[in-house]
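This is protein_8.txt (compact mmCIF, C-alpha atoms and all ligand atoms).
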```txt
# COMPACT_ATOMS: atom_id res chain seq x y z
CA GLN P 4 15.02 -7.62 7.52
CA GLU P 5 12.52 -6.92 4.76
CA THR P 6 12.82 -3.64 2.86
CA VAL P 7 10.32 -3.83 0.02
CA TYR P 8 6.66 -4.48 0.80
CA ALA P 9 3.87 -4.87 -1.75
CA ILE P 10 0.54 -3.69 -0.34
CA ALA P 11 -1.92 -5.79 -2.32
CA SER P 12 -5.50 -6.95 -2.51
CA GLY P 13 -7.72 -8.90 -4.86
CA LYS P 14 -10.65 -6.54 -4.67
CA GLY P 15 -10.37 -2.77 -5.11
CA GLY P 16 -11.51 -0.19 -2.60
CA VAL P 17 -10.53 -2.21 0.47
CA GLY P 18 -7.93 0.16 1.94
CA LYS P 19 -4.61 -0.48 0.14
CA THR P 20 -3.76 3.16 -0.45
CA THR P 21 -4.91 4.10 3.06
CA THR P 22 -2.65 1.34 4.41
CA THR P 23 0.32 2.35 2.25
CA VAL P 24 0.12 6.01 3.27
CA ASN P 25 -0.40 5.41 6.98
CA LEU P 26 1.98 2.49 7.37
CA GLY P 27 4.61 4.55 5.52
CA THR P 28 4.02 7.63 7.66
CA ALA P 29 4.12 5.56 10.85
CA LEU P 30 7.40 3.92 9.78
CA ALA P 31 8.86 7.37 9.02
CA GLY P 32 7.63 8.63 12.40
CA ALA P 33 9.65 5.85 14.00
CA GLY P 34 12.82 7.24 12.41
CA ASN P 35 12.99 5.32 9.13
CA ARG P 36 13.55 6.63 5.61
CA VAL P 37 10.49 5.52 3.68
CA VAL P 38 9.29 5.80 0.10
CA ILE P 39 5.74 5.00 -0.97
CA VAL P 40 5.28 4.15 -4.64
CA ASP P 41 2.02 4.28 -6.59
CA VAL P 42 2.22 1.09 -8.65
CA ASP P 43 -1.52 1.22 -9.32
CA LEU P 44 -0.66 2.47 -12.81
CA GLY P 45 -4.13 2.43 -14.29
CA MET P 46 -5.99 3.92 -11.33
CA ALA P 47 -3.37 6.05 -9.64
CA ASN P 48 -4.62 7.99 -6.62
CA LEU P 49 -1.92 7.92 -3.98
CA ALA P 50 -0.92 11.52 -4.69
CA GLY P 51 -4.35 12.80 -3.69
CA PHE P 52 -4.08 11.13 -0.29
CA VAL P 53 -1.00 13.21 0.51
CA SER P 54 -1.81 16.50 -1.28
CA LEU P 55 0.83 16.00 -3.93
CA SER P 56 0.06 17.35 -7.41
CA PRO P 57 2.32 15.39 -9.73
CA GLU P 58 2.25 17.75 -12.71
CA ASP P 59 5.89 17.07 -13.36
CA THR P 60 7.57 13.72 -13.55
CA THR P 61 5.72 10.61 -12.41
CA LEU P 62 6.39 6.88 -12.34
CA HIS P 63 4.82 6.70 -15.79
CA GLN P 64 7.68 8.65 -17.37
CA VAL P 65 10.16 6.56 -15.42
CA LEU P 66 8.63 3.29 -16.64
CA ALA P 67 8.52 4.70 -20.18
CA GLY P 68 12.30 5.20 -19.95
CA GLU P 69 11.97 8.99 -20.12
CA ALA P 70 13.14 9.90 -16.62
CA ASP P 71 15.14 8.59 -13.67
CA VAL P 72 13.22 7.57 -10.57
CA THR P 73 14.97 10.25 -8.50
CA GLU P 74 13.18 12.86 -10.67
CA ALA P 75 9.83 11.30 -9.75
CA THR P 76 10.57 11.04 -6.02
CA TYR P 77 8.99 13.84 -3.98
CA GLU P 78 9.58 14.58 -0.30
CA LEU P 79 6.31 14.66 1.65
CA ALA P 80 7.49 15.23 5.20
CA ASP P 81 10.38 14.26 7.46
CA GLY P 82 11.56 10.78 6.48
CA ILE P 83 8.92 10.11 3.85
CA TRP P 84 8.97 10.43 0.07
CA ALA P 85 6.45 9.44 -2.62
CA VAL P 86 6.70 8.31 -6.21
CA PRO P 87 3.29 9.17 -7.72
CA SER P 88 1.86 7.76 -10.93
CA GLY P 89 0.36 9.83 -13.73
CA ILE P 90 -3.37 10.19 -13.82
CA GLU P 91 -3.66 10.64 -17.58
CA LEU P 92 -4.44 7.64 -19.73
CA ASP P 93 -2.10 8.94 -22.45
CA SER P 94 0.99 8.54 -20.30
CA TYR P 95 -0.12 5.01 -19.40
CA ALA P 96 0.21 3.85 -23.01
CA SER P 97 4.01 4.10 -23.25
CA VAL P 98 4.71 2.44 -19.90
CA LYS P 99 6.93 -0.65 -19.87
CA THR P 100 5.91 -2.43 -16.69
CA GLU P 101 9.08 -4.58 -16.71
CA ASN P 102 11.12 -1.45 -15.93
CA LEU P 103 9.65 -1.58 -12.43
CA ARG P 104 12.29 -4.18 -11.61
CA ASP P 105 15.11 -1.61 -11.95
CA VAL P 106 13.08 1.08 -10.18
CA VAL P 107 12.63 -1.16 -7.13
CA THR P 108 16.33 -2.09 -7.16
CA GLU P 109 17.30 1.59 -7.17
CA LEU P 110 14.86 2.57 -4.40
CA ARG P 111 15.91 -0.40 -2.26
CA GLU P 112 19.41 1.05 -2.06
CA GLN P 113 18.23 4.49 -0.96
CA PHE P 114 15.51 3.77 1.60
CA ASP P 115 14.92 1.71 4.73
CA TYR P 116 11.43 0.83 3.52
CA VAL P 117 9.88 0.80 0.06
CA LEU P 118 6.08 0.39 0.06
CA LEU P 119 4.46 -0.50 -3.25
CA ASP P 120 0.77 0.43 -3.49
CA VAL P 121 -0.28 -2.30 -5.93
CA GLY P 122 -3.35 -2.25 -8.16
CA ALA P 123 -6.19 -4.68 -7.54
CA GLY P 124 -6.84 -7.58 -9.87
CA VAL P 125 -4.74 -10.18 -11.64
CA SER P 126 -2.92 -8.29 -14.43
CA HIS P 127 0.84 -8.36 -15.07
CA GLU P 128 1.32 -4.97 -13.44
CA THR P 129 -0.24 -6.42 -10.30
CA VAL P 130 1.66 -9.70 -10.32
CA LEU P 131 5.11 -8.26 -11.08
CA PRO P 132 5.36 -6.20 -7.85
CA LEU P 133 4.28 -9.24 -5.80
CA GLY P 134 7.40 -11.02 -7.00
CA LEU P 135 9.69 -7.97 -6.66
CA ALA P 136 8.76 -7.34 -3.02
CA ASP P 137 10.48 -9.04 -0.10
CA ALA P 138 7.04 -9.55 1.40
CA VAL P 139 3.40 -8.97 0.50
CA VAL P 140 1.02 -7.24 2.91
CA LEU P 141 -2.38 -8.59 2.00
CA VAL P 142 -5.28 -6.16 2.51
CA SER P 143 -8.91 -7.26 2.78
CA THR P 144 -12.10 -6.28 4.49
CA PRO P 145 -14.02 -9.05 6.30
CA GLU P 146 -16.55 -9.17 3.42
CA PRO P 147 -16.70 -12.64 1.85
CA ALA P 148 -16.11 -11.25 -1.68
CA SER P 149 -13.02 -9.38 -0.52
CA VAL P 150 -11.65 -12.44 1.28
CA GLN P 151 -12.32 -14.63 -1.73
CA ASP P 152 -10.38 -12.24 -3.98
CA ALA P 153 -7.59 -12.04 -1.38
CA GLN P 154 -7.19 -15.80 -1.81
CA LYS P 155 -6.43 -15.17 -5.50
CA THR P 156 -3.78 -12.61 -4.57
CA CYS P 157 -2.20 -15.23 -2.28
CA ASP P 158 -2.13 -17.70 -5.17
CA LEU P 159 -0.65 -15.08 -7.51
CA ALA P 160 2.02 -14.16 -4.97
CA ASP P 161 2.94 -17.86 -4.71
CA ARG P 162 3.28 -18.14 -8.46
CA ALA P 163 5.32 -14.93 -8.65
CA GLY P 164 7.69 -16.34 -6.04
CA GLY P 165 6.56 -13.84 -3.40
CA THR P 166 6.10 -14.30 0.34
CA ILE P 167 3.03 -13.12 2.25
CA ALA P 168 3.93 -11.23 5.44
CA GLY P 169 0.33 -11.42 6.59
CA LEU P 170 -3.14 -9.97 6.46
CA VAL P 171 -4.28 -6.45 7.29
CA LEU P 172 -8.00 -6.78 7.89
CA THR P 173 -9.55 -3.36 7.28
CA ARG P 174 -12.85 -1.70 8.10
CA THR P 175 -13.67 -4.15 10.88
CA ARG P 176 -16.65 -3.57 13.13
CA PRO P 177 -17.14 -4.66 16.72
CA SER P 178 -20.01 -6.91 15.70
CA GLY P 179 -18.60 -9.95 17.44
CA ASP P 180 -20.05 -12.46 15.03
CA ILE P 181 -17.19 -12.27 12.51
CA ASP P 182 -14.16 -14.38 13.36
CA HIS P 183 -11.19 -12.24 12.24
CA GLU P 184 -8.58 -14.85 13.17
CA GLY P 185 -10.66 -17.38 11.27
CA ILE P 186 -10.42 -15.29 8.09
CA ALA P 187 -6.62 -15.23 8.33
CA GLU P 188 -6.55 -18.97 9.05
CA LYS P 189 -8.70 -19.64 6.02
CA LEU P 190 -6.20 -17.67 3.91
CA ASP P 191 -3.39 -19.49 5.72
CA VAL P 192 -1.53 -16.26 6.58
CA PRO P 193 -0.84 -14.51 9.90
CA LEU P 194 -3.28 -11.78 10.96
CA LEU P 195 -1.02 -8.72 11.33
CA VAL P 196 -3.65 -6.26 12.54
CA THR P 197 -7.30 -5.33 12.30
CA ILE P 198 -7.98 -1.71 11.28
CA PRO P 199 -11.37 -0.66 12.66
CA GLU P 200 -13.98 1.12 10.56
CA ASP P 201 -13.24 4.70 11.56
CA PRO P 202 -14.80 7.95 10.28
CA THR P 203 -11.50 9.79 10.77
CA VAL P 204 -10.10 7.86 7.76
CA ARG P 205 -12.45 9.69 5.41
CA GLU P 206 -11.78 13.03 7.16
CA SER P 207 -8.05 12.59 6.65
CA VAL P 208 -8.53 11.87 2.94
CA TYR P 209 -10.47 15.11 2.51
CA ALA P 210 -7.80 16.95 4.50
CA GLY P 211 -5.12 15.42 2.23
CA THR P 212 -3.12 14.42 5.30
CA PRO P 213 -2.20 10.91 6.45
CA LEU P 214 -4.53 9.82 9.23
CA VAL P 215 -1.67 9.05 11.62
CA VAL P 216 -0.78 12.77 11.39
CA HIS P 217 -4.31 14.17 11.02
CA ASP P 218 -5.68 12.34 14.07
CA PRO P 219 -2.94 10.33 15.80
CA LYS P 220 -5.21 9.18 18.63
CA SER P 221 -8.00 7.77 16.48
CA PRO P 222 -8.53 3.99 16.64
CA ALA P 223 -7.37 3.43 13.04
CA SER P 224 -4.22 5.53 13.67
CA ARG P 225 -3.33 3.40 16.67
CA ALA P 226 -3.85 0.27 14.61
CA TYR P 227 -1.58 1.56 11.82
CA ARG P 228 1.18 2.43 14.30
CA TYR P 229 0.87 -1.06 15.74
CA LEU P 230 1.23 -2.50 12.23
CA ALA P 231 4.41 -0.46 11.69
CA ALA P 232 5.83 -1.64 15.01
CA ARG P 233 4.96 -5.21 14.12
CA LEU P 234 6.72 -5.05 10.75
CA VAL P 235 9.90 -3.66 12.28
CA GLY P 236 9.73 -6.38 14.88
CA GLU P 237 8.85 -4.22 17.88
CA ALA P 238 5.35 -5.50 18.56
P1 LIG P 301 -7.86 0.88 -2.25
O1 LIG P 301 -6.56 1.58 -2.37
O2 LIG P 301 -7.73 -0.56 -1.86
O3 LIG P 301 -8.72 1.04 -3.46
P2 LIG P 301 -8.56 3.00 -0.37
O4 LIG P 301 -7.43 3.03 0.59
O5 LIG P 301 -8.60 4.02 -1.44
O6 LIG P 301 -8.68 1.54 -1.03
O7 LIG P 301 -9.90 3.03 0.49
C1 LIG P 301 -11.17 2.91 -0.12
C2 LIG P 301 -12.19 3.73 0.67
O8 LIG P 301 -12.38 3.16 1.95
C3 LIG P 301 -11.79 5.18 0.90
O9 LIG P 301 -12.92 5.99 0.75
C4 LIG P 301 -11.29 5.20 2.34
O10 LIG P 301 -11.49 6.44 2.93
C5 LIG P 301 -12.18 4.13 2.97
N1 LIG P 301 -11.53 3.47 4.11
C6 LIG P 301 -10.39 2.75 4.10
N2 LIG P 301 -10.09 2.28 5.32
C7 LIG P 301 -11.07 2.71 6.15
C8 LIG P 301 -11.36 2.56 7.57
N3 LIG P 301 -10.54 1.86 8.38
N4 LIG P 301 -12.46 3.15 8.06
C9 LIG P 301 -13.28 3.86 7.25
N5 LIG P 301 -13.08 4.05 5.94
C10 LIG P 301 -11.99 3.47 5.37
MG MG P 302 -5.72 2.57 -4.05
```
If you convert what's in this file into C-alpha cells, what do you get?
Amino acid sequence: QETVYAIASGKGGVGKTTTTVNLGTALAGAGNRVVIVDVDLGMANLAGFVSLSPEDTTLHQVLAGEADVTEATYELADGIWAVPSGIELDSYASVKTENLRDVVTELREQFDYVLLDVGAGVSHETVLPLGLADAVVLVSTPEPASVQDAQKTCDLADRAGGTIAGLVLTRTRPSGDIDHEGIAEKLDVPLLVTIPEDPTVRESVYAGTPLVVHDPKSPASRAYRYLAARLVGEA
C-alpha cells in the first residue's frame, strides 16, 4: 500500500495542483486521513485553491529549520489537511530542500495519504520528492509539448529511484483523433484516468473550493473520484 504520492509534471500549468487538491479531497471523502503538501517552493499556489491564507507558518519555515511541520499543517475539512508554502521570495532563500526528507517521514507516520504537489521542471527541489514518494502520479495534457516534458519527468523519477504509478491525462477533449492510451504507451506507464476539459474546474478555483466539493457531479469531479478509487485499489 502506497502512502506518499508525488504529483508531478514536466511542463507547468497542466493540472498538478488541481489534481493534488481534488485527489486529496476525494481520498478524504472516502474516509482517509490525507495531507496535501505544496512542494512547488518557488511558485507556491496550493493555498489559493483551498482558500487558505498562510500568513503564519509555512513549509518554507519548516525547511529552513525554524518550525516543526505540525505547525505548518492546517486542517481544511474533515479528513484533509494542507501544508502550504510561502509565497514570498524572501522566505525561499533560507530553505534547505534536503529537509524535505524528514518532513515526509514525519507526515507518513501521521496520515493515510501524503500528496506532494511538485514543481514543474528538472531542478533538485523537483527531483528530490520524486525519490521520496512511494509512487509518482504523472500529470500531462495531450499536447505534444506536455507529453514530451512528461517523458523527462519519467527519466528523472527513474534516476531518483522513484516508481511511476501512472499517467493522469488532463484537459482531454472528445475530439476522437487523439489516442489517449497511445500517449500512455509511448511514455510506457499505465493510463490511470483521463480528466476531461471542464469549465467547472475554473469555477471551483475562483470559489476557492475543491471541485469535487464545489460540483461533485461534474465530469472532472467524477474522473477525480475514479482516480482516488483506483489508487486505493477499488476501481
Ligand atoms: P499546475 O499545478 O500543473 O501548474 P493547475 O492545476 O494550476 O496546473 O492548472 C492550470 C490551469 O488549468 C488552471 O487555470 C486550471 O483551472 C486549469 N485546469 C486544470 N485542469 C482543468 C480541466 N480538467 N478543465 C479545465 N481547466 C483545467
Ligand atoms: Mg501548481
Given all atoms listed in the file, how would the per-residue table for stretch 124-144 of chain P near stretch 153-159 of chain P read, listing every residue at most 10 Å away with its closest atom pair and distance in Å to one decimal, sorted by chain and number, as JSON lines?
```
{"residue": "P:Gly124", "atom": "CA", "partner": "P:Thr156", "partner_atom": "CA", "distance": 7.9}
{"residue": "P:Val125", "atom": "CA", "partner": "P:Thr156", "partner_atom": "CA", "distance": 7.5}
{"residue": "P:Ser126", "atom": "CA", "partner": "P:Leu159", "partner_atom": "CA", "distance": 10.0}
{"residue": "P:Thr129", "atom": "CA", "partner": "P:Leu159", "partner_atom": "CA", "distance": 9.1}
{"residue": "P:Val130", "atom": "CA", "partner": "P:Leu159", "partner_atom": "CA", "distance": 6.5}
{"residue": "P:Leu131", "atom": "CA", "partner": "P:Leu159", "partner_atom": "CA", "distance": 9.6}
{"residue": "P:Leu133", "atom": "CA", "partner": "P:Leu159", "partner_atom": "CA", "distance": 7.8}
{"residue": "P:Gly134", "atom": "CA", "partner": "P:Leu159", "partner_atom": "CA", "distance": 9.0}
{"residue": "P:Val139", "atom": "CA", "partner": "P:Cys157", "partner_atom": "CA", "distance": 8.8}
{"residue": "P:Leu141", "atom": "CA", "partner": "P:Ala153", "partner_atom": "CA", "distance": 7.1}
{"residue": "P:Val142", "atom": "CA", "partner": "P:Ala153", "partner_atom": "CA", "distance": 7.4}
{"residue": "P:Ser143", "atom": "CA", "partner": "P:Ala153", "partner_atom": "CA", "distance": 6.5}
{"residue": "P:Thr144", "atom": "CA", "partner": "P:Ala153", "partner_atom": "CA", "distance": 9.4}
```
For ligand LIG 301 (chain P), return the neighbouring residues as a compact mmCIF listing (two decimals) with C-alpha atoms, keeping the file's coordinate frame (distance at most 7 Å; only C-alpha atoms and all ligand atoms).
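The resulting file, out-v5.txt, is shown below:
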```txt
# COMPACT_ATOMS: atom_id res chain seq x y z
CA SER P 12 -5.50 -6.95 -2.51
CA GLY P 15 -10.37 -2.77 -5.11
CA GLY P 16 -11.51 -0.19 -2.60
CA VAL P 17 -10.53 -2.21 0.47
CA GLY P 18 -7.93 0.16 1.94
CA LYS P 19 -4.61 -0.48 0.14
CA THR P 20 -3.76 3.16 -0.45
CA THR P 21 -4.91 4.10 3.06
CA THR P 22 -2.65 1.34 4.41
CA THR P 173 -9.55 -3.36 7.28
CA ARG P 174 -12.85 -1.70 8.10
CA ILE P 198 -7.98 -1.71 11.28
CA PRO P 199 -11.37 -0.66 12.66
CA GLU P 200 -13.98 1.12 10.56
CA ASP P 201 -13.24 4.70 11.56
CA PRO P 202 -14.80 7.95 10.28
CA VAL P 204 -10.10 7.86 7.76
CA ARG P 205 -12.45 9.69 5.41
CA VAL P 208 -8.53 11.87 2.94
CA ALA P 223 -7.37 3.43 13.04
```
Next on the checklist: For P:His127, find every residue with an atom within 12 Å (counting all atoms listed in the file), except residues of its own chain fewer than 4 positions away, and show them as a VMD selection string.
Outcome noted: chain P and resid 42 to 45 99 to 101 103 121 to 123 131 to 134 159 to 160 163
Next on the checklist: Can you pull out the residues contacting P:Glu109? Cut-off 10 Å, using all atoms listed in the file, and skip same-chain residues under 4 positions away; I want them as an MDAnalysis selection string.
Outcome noted: chainID P and resid 71:73 103:105 113:114
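Atom CA of P:Ala80 to atom CA of P:Thr28 spans 8.7 Å [interatomic distance, one decimal].
Across the structure, atom CA of P:Ala47 and atom CA of P:Asn102 are spaced 17.5 Å apart.
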Checklist entry - Quick one: residues within 10 Å of P:Tyr95, only C-alpha atoms counted, chain neighbours fewer than 6 positions away excluded, as a PyMOL selection string? => result chain P and resi 44-45+62-64+66-67+88-89
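Shortest atom-to-atom contact with ligand MG 302 (chain P) among P:Glu146, P:Glu184, P:Asp137, P:Asp120: P:Asp120, counting only C-alpha atoms and all ligand atoms.
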Checklist outcome for this item: Across P:Gly27, P:Pro87, P:Gly13, P:Gly169, the smallest distance to P:Val196, with all atoms listed in the file counted, is shown by P:Gly169
Checklist entry - Using all atoms listed in the file, what residues lie at most 12 Å away from (-8.2, 12.9, 18.3) (file coordinates), given as number ranges by chain? => result P: 201-204, 206-207, 214-225
Checklist entry - Any idea what the distance is between atom CA of P:Thr61 and atom CA of P:Val235? => result 28.8 Å
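Counting all atoms listed in the file and comparing P:Val65, P:Ala96, P:Leu55, P:Leu119, the residue that lies closest to ligand MG 302 (chain P) is P:Leu119.
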Item to check | Shell of 12 Å around P:Leu30, all atoms listed in the file, local chain residues under 2 positions omitted, as a ChimeraX atom specification | outcome: /P:6,22-28,32-39,81-84,114-118,215,227-237
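Considering all atoms listed in the file, the residue among P:Ala226, P:Ala29, P:Val192, P:Ala70 positioned nearest to P:Val98 is P:Ala70.
Of the listed residues P:Leu172, P:Val106, P:Val7, P:Leu135, the one whose atoms come nearest to P:Gly185 is P:Leu172, with distances taken using only C-alpha atoms.
In terms of minimum interatomic distance to ligand MG 302 (chain P), P:Asp41 ranks closest within P:Glu5, P:Glu128, P:Asp41, P:Glu112, counting all atoms listed in the file.
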